file model29.txt (compact mmCIF, N, CA and C atoms and all ligand atoms)
# COMPACT_ATOMS: atom_id res chain seq x y z
N MET A 24 5.50 -0.01 -13.81
CA MET A 24 5.19 -0.62 -12.53
C MET A 24 3.69 -0.63 -12.28
N ILE A 25 3.06 0.50 -12.54
CA ILE A 25 1.61 0.58 -12.35
C ILE A 25 0.91 -0.42 -13.27
N PHE A 26 1.45 -0.53 -14.48
CA PHE A 26 0.91 -1.48 -15.45
C PHE A 26 0.94 -2.91 -14.89
N ASP A 27 2.06 -3.30 -14.27
CA ASP A 27 2.18 -4.64 -13.68
C ASP A 27 1.14 -4.86 -12.60
N VAL A 28 1.01 -3.86 -11.73
CA VAL A 28 0.07 -3.98 -10.61
C VAL A 28 -1.35 -4.15 -11.14
N GLU A 29 -1.71 -3.33 -12.13
CA GLU A 29 -3.08 -3.39 -12.65
C GLU A 29 -3.35 -4.72 -13.34
N ASN A 30 -2.32 -5.23 -14.03
CA ASN A 30 -2.50 -6.49 -14.73
C ASN A 30 -2.52 -7.70 -13.81
N ASP A 31 -1.64 -7.69 -12.81
CA ASP A 31 -1.52 -8.85 -11.93
C ASP A 31 -2.72 -9.00 -11.01
N PHE A 32 -3.29 -7.91 -10.57
CA PHE A 32 -4.21 -8.00 -9.43
C PHE A 32 -5.62 -7.49 -9.66
N TRP A 33 -5.93 -6.96 -10.86
CA TRP A 33 -7.26 -6.42 -11.02
C TRP A 33 -7.53 -5.28 -10.03
N ILE A 34 -6.52 -4.43 -9.99
CA ILE A 34 -6.59 -3.23 -9.16
C ILE A 34 -6.55 -2.04 -10.11
N ASN A 35 -7.20 -0.98 -9.76
CA ASN A 35 -7.12 0.23 -10.54
C ASN A 35 -6.24 1.24 -9.81
N VAL A 36 -5.23 1.78 -10.48
CA VAL A 36 -4.36 2.78 -9.85
C VAL A 36 -4.74 4.16 -10.37
N GLU A 37 -5.05 5.04 -9.44
CA GLU A 37 -5.53 6.37 -9.82
C GLU A 37 -4.72 7.46 -9.12
N ASP A 38 -4.84 8.69 -9.64
CA ASP A 38 -4.23 9.83 -8.96
C ASP A 38 -5.09 10.23 -7.78
N GLY A 39 -4.42 10.57 -6.68
CA GLY A 39 -5.15 11.03 -5.50
C GLY A 39 -4.84 12.49 -5.24
N PHE A 40 -5.82 13.22 -4.76
CA PHE A 40 -5.64 14.66 -4.55
C PHE A 40 -5.90 15.07 -3.10
N GLU A 41 -5.84 14.09 -2.21
CA GLU A 41 -6.16 14.40 -0.81
C GLU A 41 -4.92 14.45 0.07
N GLY A 42 -3.75 14.54 -0.56
CA GLY A 42 -2.52 14.66 0.22
C GLY A 42 -2.06 13.37 0.85
N ASN A 43 -2.61 12.26 0.39
CA ASN A 43 -2.17 10.98 0.92
C ASN A 43 -2.44 9.89 -0.11
N SER A 44 -1.84 8.71 0.12
CA SER A 44 -2.08 7.59 -0.79
C SER A 44 -2.89 6.53 -0.04
N TYR A 45 -3.75 5.85 -0.77
CA TYR A 45 -4.66 4.92 -0.11
C TYR A 45 -4.81 3.63 -0.88
N TRP A 46 -5.09 2.59 -0.13
CA TRP A 46 -5.62 1.35 -0.69
C TRP A 46 -7.09 1.33 -0.33
N ILE A 47 -7.95 1.26 -1.33
CA ILE A 47 -9.39 1.28 -1.08
C ILE A 47 -10.00 -0.01 -1.61
N PRO A 48 -10.22 -1.00 -0.73
CA PRO A 48 -10.81 -2.25 -1.21
C PRO A 48 -12.28 -2.07 -1.58
N THR A 49 -12.69 -2.77 -2.61
CA THR A 49 -14.10 -2.78 -2.96
C THR A 49 -14.84 -3.58 -1.89
N PRO A 50 -15.96 -3.06 -1.36
CA PRO A 50 -16.70 -3.84 -0.35
C PRO A 50 -17.07 -5.22 -0.89
N ASP A 51 -16.94 -6.23 -0.04
CA ASP A 51 -17.17 -7.62 -0.47
C ASP A 51 -18.49 -7.82 -1.19
N ASP A 52 -19.54 -7.17 -0.71
CA ASP A 52 -20.86 -7.41 -1.31
C ASP A 52 -21.00 -6.73 -2.67
N GLU A 53 -20.01 -5.91 -3.04
CA GLU A 53 -20.10 -5.28 -4.37
C GLU A 53 -19.19 -5.95 -5.39
N ILE A 54 -18.41 -6.93 -4.93
CA ILE A 54 -17.48 -7.58 -5.85
C ILE A 54 -18.24 -8.57 -6.73
N ASP A 55 -18.14 -8.38 -8.01
CA ASP A 55 -18.58 -9.42 -8.93
C ASP A 55 -17.52 -9.56 -10.01
N GLU A 56 -17.81 -10.32 -11.03
CA GLU A 56 -16.75 -10.71 -11.95
C GLU A 56 -16.02 -9.55 -12.61
N ASP A 57 -16.74 -8.49 -12.93
CA ASP A 57 -16.03 -7.43 -13.64
C ASP A 57 -15.76 -6.20 -12.77
N GLU A 58 -15.72 -6.43 -11.47
CA GLU A 58 -15.42 -5.33 -10.55
C GLU A 58 -13.96 -5.39 -10.13
N PHE A 59 -13.31 -4.23 -10.01
CA PHE A 59 -11.96 -4.23 -9.45
C PHE A 59 -12.00 -4.67 -8.00
N ILE A 60 -10.95 -5.36 -7.55
CA ILE A 60 -10.87 -5.76 -6.15
C ILE A 60 -10.65 -4.52 -5.28
N GLY A 61 -9.99 -3.56 -5.85
CA GLY A 61 -9.77 -2.33 -5.09
C GLY A 61 -9.10 -1.27 -5.93
N ILE A 62 -8.95 -0.10 -5.33
CA ILE A 62 -8.32 1.02 -6.01
C ILE A 62 -7.12 1.47 -5.18
N ILE A 63 -6.03 1.76 -5.86
CA ILE A 63 -4.91 2.41 -5.18
C ILE A 63 -4.88 3.85 -5.63
N GLU A 64 -4.95 4.75 -4.68
CA GLU A 64 -4.83 6.16 -5.01
C GLU A 64 -3.44 6.62 -4.63
N LEU A 65 -2.73 7.19 -5.59
CA LEU A 65 -1.39 7.71 -5.31
C LEU A 65 -1.43 9.23 -5.31
N ASP A 66 -0.97 9.78 -4.21
CA ASP A 66 -0.95 11.23 -4.06
C ASP A 66 -0.15 11.88 -5.20
N VAL A 67 -0.76 12.82 -5.88
CA VAL A 67 -0.11 13.44 -7.05
C VAL A 67 1.09 14.31 -6.69
N SER A 68 1.17 14.75 -5.43
CA SER A 68 2.25 15.66 -5.07
C SER A 68 3.55 14.93 -4.69
N LEU A 69 3.53 13.60 -4.74
CA LEU A 69 4.73 12.85 -4.36
C LEU A 69 5.83 12.98 -5.40
N LYS A 70 7.08 12.96 -4.92
CA LYS A 70 8.22 12.88 -5.83
C LYS A 70 8.26 11.47 -6.42
N PRO A 71 8.94 11.31 -7.58
CA PRO A 71 8.91 9.99 -8.25
C PRO A 71 9.29 8.83 -7.34
N PHE A 72 10.35 8.97 -6.53
CA PHE A 72 10.74 7.84 -5.68
C PHE A 72 9.70 7.58 -4.60
N GLU A 73 9.16 8.64 -4.02
CA GLU A 73 8.11 8.48 -3.00
C GLU A 73 6.89 7.80 -3.60
N ARG A 74 6.64 8.10 -4.85
CA ARG A 74 5.49 7.52 -5.54
C ARG A 74 5.67 6.00 -5.69
N ILE A 75 6.89 5.60 -6.03
CA ILE A 75 7.19 4.17 -6.14
C ILE A 75 7.01 3.50 -4.78
N CYS A 76 7.52 4.15 -3.73
CA CYS A 76 7.39 3.60 -2.38
C CYS A 76 5.92 3.48 -2.00
N ALA A 77 5.16 4.52 -2.29
CA ALA A 77 3.74 4.51 -1.93
C ALA A 77 3.01 3.41 -2.69
N LEU A 78 3.34 3.25 -3.96
CA LEU A 78 2.71 2.19 -4.75
C LEU A 78 3.03 0.83 -4.14
N ALA A 79 4.31 0.60 -3.81
CA ALA A 79 4.71 -0.68 -3.21
C ALA A 79 3.96 -0.90 -1.90
N HIS A 80 3.88 0.13 -1.09
CA HIS A 80 3.20 0.00 0.21
C HIS A 80 1.72 -0.35 0.04
N GLU A 81 1.07 0.33 -0.88
CA GLU A 81 -0.37 0.06 -1.07
C GLU A 81 -0.59 -1.32 -1.68
N VAL A 82 0.33 -1.77 -2.52
CA VAL A 82 0.25 -3.15 -3.02
C VAL A 82 0.37 -4.12 -1.84
N GLY A 83 1.24 -3.77 -0.88
CA GLY A 83 1.37 -4.56 0.34
C GLY A 83 0.04 -4.66 1.07
N HIS A 84 -0.68 -3.54 1.13
CA HIS A 84 -2.01 -3.57 1.77
C HIS A 84 -2.95 -4.49 1.00
N TYR A 85 -2.80 -4.50 -0.32
CA TYR A 85 -3.61 -5.42 -1.11
C TYR A 85 -3.35 -6.87 -0.69
N PHE A 86 -2.06 -7.23 -0.53
CA PHE A 86 -1.74 -8.60 -0.12
C PHE A 86 -2.35 -8.93 1.24
N LEU A 87 -2.29 -7.98 2.16
CA LEU A 87 -2.89 -8.20 3.48
C LEU A 87 -4.40 -8.35 3.37
N HIS A 88 -4.98 -7.58 2.44
CA HIS A 88 -6.42 -7.63 2.23
C HIS A 88 -6.85 -9.01 1.72
N VAL A 89 -6.06 -9.55 0.80
CA VAL A 89 -6.37 -10.87 0.25
C VAL A 89 -6.37 -11.93 1.36
N ASP A 90 -5.48 -11.75 2.33
CA ASP A 90 -5.36 -12.68 3.44
C ASP A 90 -6.02 -12.12 4.71
N LYS A 91 -7.09 -11.37 4.53
CA LYS A 91 -7.55 -10.55 5.65
C LYS A 91 -8.03 -11.36 6.86
N LYS A 92 -8.48 -12.58 6.63
CA LYS A 92 -8.91 -13.40 7.77
C LYS A 92 -7.74 -13.67 8.71
N PHE A 93 -6.57 -13.90 8.10
CA PHE A 93 -5.39 -14.17 8.91
C PHE A 93 -4.95 -12.92 9.69
N TRP A 94 -5.05 -11.76 9.06
CA TRP A 94 -4.50 -10.53 9.64
C TRP A 94 -5.51 -9.72 10.40
N MET A 95 -6.75 -10.14 10.39
CA MET A 95 -7.87 -9.38 10.95
C MET A 95 -7.57 -8.81 12.34
N ASN A 96 -7.01 -9.66 13.22
CA ASN A 96 -6.83 -9.23 14.61
C ASN A 96 -5.44 -8.67 14.90
N SER A 97 -4.65 -8.46 13.86
CA SER A 97 -3.31 -7.91 14.09
C SER A 97 -3.39 -6.41 14.32
N SER A 98 -2.43 -5.90 15.06
CA SER A 98 -2.42 -4.46 15.30
C SER A 98 -2.15 -3.73 13.99
N SER A 99 -2.67 -2.52 13.90
CA SER A 99 -2.52 -1.76 12.65
C SER A 99 -1.06 -1.42 12.39
N VAL A 100 -0.26 -1.33 13.44
CA VAL A 100 1.16 -1.02 13.24
C VAL A 100 1.86 -2.21 12.56
N ILE A 101 1.49 -3.42 12.97
CA ILE A 101 2.03 -4.61 12.31
C ILE A 101 1.63 -4.60 10.84
N LYS A 102 0.37 -4.30 10.57
CA LYS A 102 -0.10 -4.30 9.18
C LYS A 102 0.61 -3.25 8.34
N GLU A 103 0.80 -2.06 8.92
CA GLU A 103 1.52 -1.01 8.20
C GLU A 103 2.93 -1.48 7.83
N SER A 104 3.62 -2.06 8.83
CA SER A 104 5.00 -2.49 8.59
C SER A 104 5.05 -3.61 7.55
N LEU A 105 4.14 -4.57 7.69
CA LEU A 105 4.11 -5.68 6.74
C LEU A 105 3.79 -5.23 5.33
N ALA A 106 2.91 -4.25 5.21
CA ALA A 106 2.56 -3.74 3.88
C ALA A 106 3.80 -3.19 3.19
N TRP A 107 4.65 -2.52 3.97
CA TRP A 107 5.91 -2.01 3.39
C TRP A 107 6.79 -3.16 2.91
N TYR A 108 6.88 -4.17 3.75
CA TYR A 108 7.74 -5.29 3.43
C TYR A 108 7.23 -6.08 2.22
N LEU A 109 5.95 -6.40 2.24
CA LEU A 109 5.37 -7.21 1.16
C LEU A 109 5.45 -6.51 -0.19
N GLY A 110 5.20 -5.21 -0.19
CA GLY A 110 5.26 -4.46 -1.44
C GLY A 110 6.67 -4.46 -2.03
N TYR A 111 7.63 -4.33 -1.14
CA TYR A 111 9.02 -4.35 -1.60
C TYR A 111 9.36 -5.71 -2.21
N GLU A 112 8.98 -6.77 -1.51
CA GLU A 112 9.27 -8.12 -1.99
C GLU A 112 8.57 -8.39 -3.32
N TYR A 113 7.37 -7.88 -3.46
CA TYR A 113 6.64 -8.07 -4.72
C TYR A 113 7.41 -7.45 -5.89
N PHE A 114 7.81 -6.19 -5.74
CA PHE A 114 8.49 -5.54 -6.86
C PHE A 114 9.87 -6.16 -7.10
N LYS A 115 10.49 -6.64 -6.03
CA LYS A 115 11.76 -7.34 -6.21
C LYS A 115 11.55 -8.61 -7.05
N ALA A 116 10.50 -9.35 -6.71
CA ALA A 116 10.20 -10.57 -7.45
C ALA A 116 9.85 -10.27 -8.90
N MET A 117 9.29 -9.09 -9.15
CA MET A 117 8.94 -8.69 -10.52
C MET A 117 10.16 -8.19 -11.29
N GLY A 118 11.29 -8.07 -10.62
CA GLY A 118 12.52 -7.66 -11.30
C GLY A 118 12.84 -6.19 -11.19
N TYR A 119 12.08 -5.44 -10.38
CA TYR A 119 12.41 -4.02 -10.19
C TYR A 119 13.43 -3.87 -9.08
N LYS A 120 14.37 -2.97 -9.30
CA LYS A 120 15.35 -2.71 -8.26
C LYS A 120 15.02 -1.39 -7.57
N ILE A 121 14.50 -1.49 -6.37
CA ILE A 121 14.25 -0.30 -5.56
C ILE A 121 15.37 -0.23 -4.54
N ASP A 122 16.00 0.95 -4.43
CA ASP A 122 17.10 1.10 -3.48
C ASP A 122 16.61 0.73 -2.07
N GLN A 123 17.22 -0.34 -1.54
CA GLN A 123 16.71 -0.90 -0.28
C GLN A 123 16.85 0.07 0.88
N GLU A 124 17.99 0.75 0.91
CA GLU A 124 18.24 1.68 2.02
C GLU A 124 17.27 2.87 1.96
N GLU A 125 17.09 3.41 0.76
CA GLU A 125 16.16 4.53 0.60
C GLU A 125 14.73 4.10 0.90
N TYR A 126 14.39 2.90 0.47
CA TYR A 126 13.04 2.39 0.72
C TYR A 126 12.81 2.20 2.22
N ARG A 127 13.84 1.65 2.89
CA ARG A 127 13.74 1.42 4.32
C ARG A 127 13.54 2.75 5.06
N LYS A 128 14.28 3.80 4.61
CA LYS A 128 14.13 5.12 5.23
C LYS A 128 12.71 5.64 5.06
N GLU A 129 12.21 5.53 3.83
CA GLU A 129 10.86 6.01 3.54
C GLU A 129 9.83 5.24 4.38
N ALA A 130 10.01 3.91 4.47
CA ALA A 130 9.09 3.08 5.25
C ALA A 130 9.14 3.47 6.73
N SER A 131 10.34 3.65 7.26
CA SER A 131 10.47 4.02 8.68
C SER A 131 9.80 5.36 8.94
N LYS A 132 10.03 6.30 8.03
CA LYS A 132 9.45 7.63 8.18
C LYS A 132 7.93 7.54 8.25
N CYS A 133 7.36 6.74 7.34
CA CYS A 133 5.90 6.64 7.28
C CYS A 133 5.33 5.88 8.47
N VAL A 134 5.99 4.80 8.87
CA VAL A 134 5.49 4.04 10.03
C VAL A 134 5.62 4.90 11.30
N ASP A 135 6.74 5.61 11.43
CA ASP A 135 6.90 6.52 12.58
C ASP A 135 5.78 7.56 12.63
N ALA A 136 5.50 8.16 11.46
CA ALA A 136 4.45 9.16 11.39
C ALA A 136 3.10 8.54 11.77
N TYR A 137 2.92 7.29 11.32
CA TYR A 137 1.67 6.59 11.63
C TYR A 137 1.53 6.35 13.13
N VAL A 138 2.61 5.88 13.74
CA VAL A 138 2.58 5.61 15.19
C VAL A 138 2.33 6.91 15.95
N ARG A 139 2.96 8.00 15.49
CA ARG A 139 2.73 9.29 16.15
C ARG A 139 1.27 9.73 16.02
N SER A 140 0.69 9.48 14.86
CA SER A 140 -0.71 9.88 14.67
C SER A 140 -1.62 9.06 15.58
N LEU A 141 -1.23 7.82 15.87
CA LEU A 141 -2.02 6.98 16.78
C LEU A 141 -1.94 7.52 18.21
N SER A 142 -0.73 7.85 18.65
CA SER A 142 -0.61 8.31 20.04
C SER A 142 -1.22 9.69 20.19
N ALA A 143 -1.26 10.48 19.11
CA ALA A 143 -1.91 11.77 19.17
C ALA A 143 -3.43 11.60 19.37
N LYS A 144 -3.97 10.56 18.73
CA LYS A 144 -5.41 10.29 18.83
C LYS A 144 -5.83 9.89 20.24
N LYS A 145 -4.90 9.19 20.92
CA LYS A 145 -5.25 8.69 22.26
C LYS A 145 -5.41 9.81 23.26
N ARG A 146 -4.72 10.94 23.01
CA ARG A 146 -4.78 12.01 24.00
C ARG A 146 -6.09 12.78 23.98
ZN ZN A 201 -0.52 1.85 4.98
call {"tool": "encode", "arguments": {"input": "model29.txt", "output": "structure tokens"}}
result
Amino acid sequence: MIFDVENDFWINVEDGFEGNSYWIPTPDDEIDEDEFIGIIELDVSLKPFERICALAHEVGHYFLHVDKKFWMNSSSVIKESLAWYLGYEYFKAMGYKIDQEEYRKEASKCVDAYVRSLSAKKR
């Protein structure tokens, strides 16, 4: 799966050690022909299924990044949810079967945690 992502999109997938997974786009002014568009860091402590979910989600962020002018003014919660959806659809189109129910649970858990972290910040 990582191989597909790296080949399709010119993204580098790396291990992350900060307890979270990230999509890190290369700043626009640093992009040239032989630069990666971005890096996906996958938290090393994730279980295999969580790792697949995280990879799909960060690929989703990549899709949003490519269309960033369209999504620029959308709320971050919408972007989080869409990233989950887009990543799933991508791997489905590539022929991978990710358990939809388990994926949906993982996505809900992460979006819920994200929303909670937002309301915690407001206080
Ligand atoms: Zn996200």
call {"tool": "residues_near_ligand", "arguments": {"input": "model29.txt", "ligand": "ligand ZN 201 (chain A)", "cutoff": "7 Å", "atoms": "only N, CA and C atoms and all ligand atoms", "output": "PyMOL selection string"}}
result
chain A and resi 46+80-81+84+102-104+106-107
call {"tool": "atom_distance", "arguments": {"input": "model29.txt", "atom1": "atom C of A:Asp66", "atom2": "atom C of A:Asn43"}}
result
5.9 Å
call {"tool": "atom_distance", "arguments": {"input": "model29.txt", "atom1": "atom C of A:Leu65", "atom2": "atom N of A:Glu41"}}
result
7.3 Å
call {"tool": "residues_around", "arguments": {"input": "model29.txt", "residues": "A:Gly42", "least_positions_apart": "2", "cutoff": "7 Å", "atoms": "only N, CA and C atoms", "output": "PyMOL selection string"}}
result
chain A and resi 39-40+44+66-68
call {"tool": "write_last_selection", "arguments": {"input": "model29.txt", "atoms": "N, CA and C atoms", "output": "PDB file, in the coordinates of the input"}}
result
ATOM      1  N   GLY A  39      -4.420  10.570  -6.680  1.00  0.00           N
ATOM      2  CA  GLY A  39      -5.150  11.030  -5.500  1.00  0.00           C
ATOM      3  C   GLY A  39      -4.840  12.490  -5.240  1.00  0.00           C
ATOM      4  N   PHE A  40      -5.820  13.220  -4.760  1.00  0.00           N
ATOM      5  CA  PHE A  40      -5.640  14.660  -4.550  1.00  0.00           C
ATOM      6  C   PHE A  40      -5.900  15.070  -3.100  1.00  0.00           C
ATOM      7  N   SER A  44      -1.840   8.710   0.120  1.00  0.00           N
ATOM      8  CA  SER A  44      -2.080   7.590  -0.790  1.00  0.00           C
ATOM      9  C   SER A  44      -2.890   6.530  -0.040  1.00  0.00           C
ATOM     10  N   ASP A  66      -0.970   9.780  -4.210  1.00  0.00           N
ATOM     11  CA  ASP A  66      -0.950  11.230  -4.060  1.00  0.00           C
ATOM     12  C   ASP A  66      -0.150  11.880  -5.200  1.00  0.00           C
ATOM     13  N   VAL A  67      -0.760  12.820  -5.880  1.00  0.00           N
ATOM     14  CA  VAL A  67      -0.110  13.440  -7.050  1.00  0.00           C
ATOM     15  C   VAL A  67       1.090  14.310  -6.690  1.00  0.00           C
ATOM     16  N   SER A  68       1.170  14.750  -5.430  1.00  0.00           N
ATOM     17  CA  SER A  68       2.250  15.660  -5.070  1.00  0.00           C
ATOM     18  C   SER A  68       3.550  14.930  -4.690  1.00  0.00           C
TER      19      SER A  68
END
call {"tool": "axis_aligned_box", "arguments": {"input": "model29.txt", "around": "stretch 80-99 of chain A", "padding_each_side": "6 Å", "output": "JSON"}}
result
{"center_x": -2.5, "center_y": -6.9, "center_z": 6.1, "size_x": 24.8, "size_y": 26.5, "size_z": 30.3}
call {"tool": "select_by_dssp", "arguments": {"input": "model29.txt", "residues": "chain A", "states": "strand (DSSP E)", "output": "NGL selection string"}}
result
:A and (34-39 or 45-48 or 61-66)
call {"tool": "closest_residue", "arguments": {"input": "model29.txt", "among": "A:Phe59, A:Tyr45, A:Trp94, A:Phe114", "to": "A:Ala79", "atoms": "all atoms listed in the file"}}
result
A:Phe114
call {"tool": "atom_distance", "arguments": {"input": "model29.txt", "atom1": "atom N of A:Leu105", "atom2": "atom CA of A:Glu29"}}
result
21.6 Å
call {"tool": "select_by_dssp", "arguments": {"input": "model29.txt", "residues": "chain A", "states": "helix (DSSP H, G or I)", "output": "PyMOL selection string"}}
result
chain A and resi 25-32+51-53+71-89+91-94+99-116+123-145
call {"tool": "residues_around", "arguments": {"input": "model29.txt", "residues": "A:Pro48", "least_positions_apart": "5", "cutoff": "7 Å", "atoms": "all atoms listed in the file", "output": "list in words"}}
result
Phe59, Ile60, Gly61 and Ile62 of chain A
call {"tool": "closest_residue", "arguments": {"input": "model29.txt", "among": "A:Ile34, A:Ile25, A:Met117, A:Leu141", "to": "A:Leu78", "atoms": "all atoms listed in the file"}}
result
A:Ile25
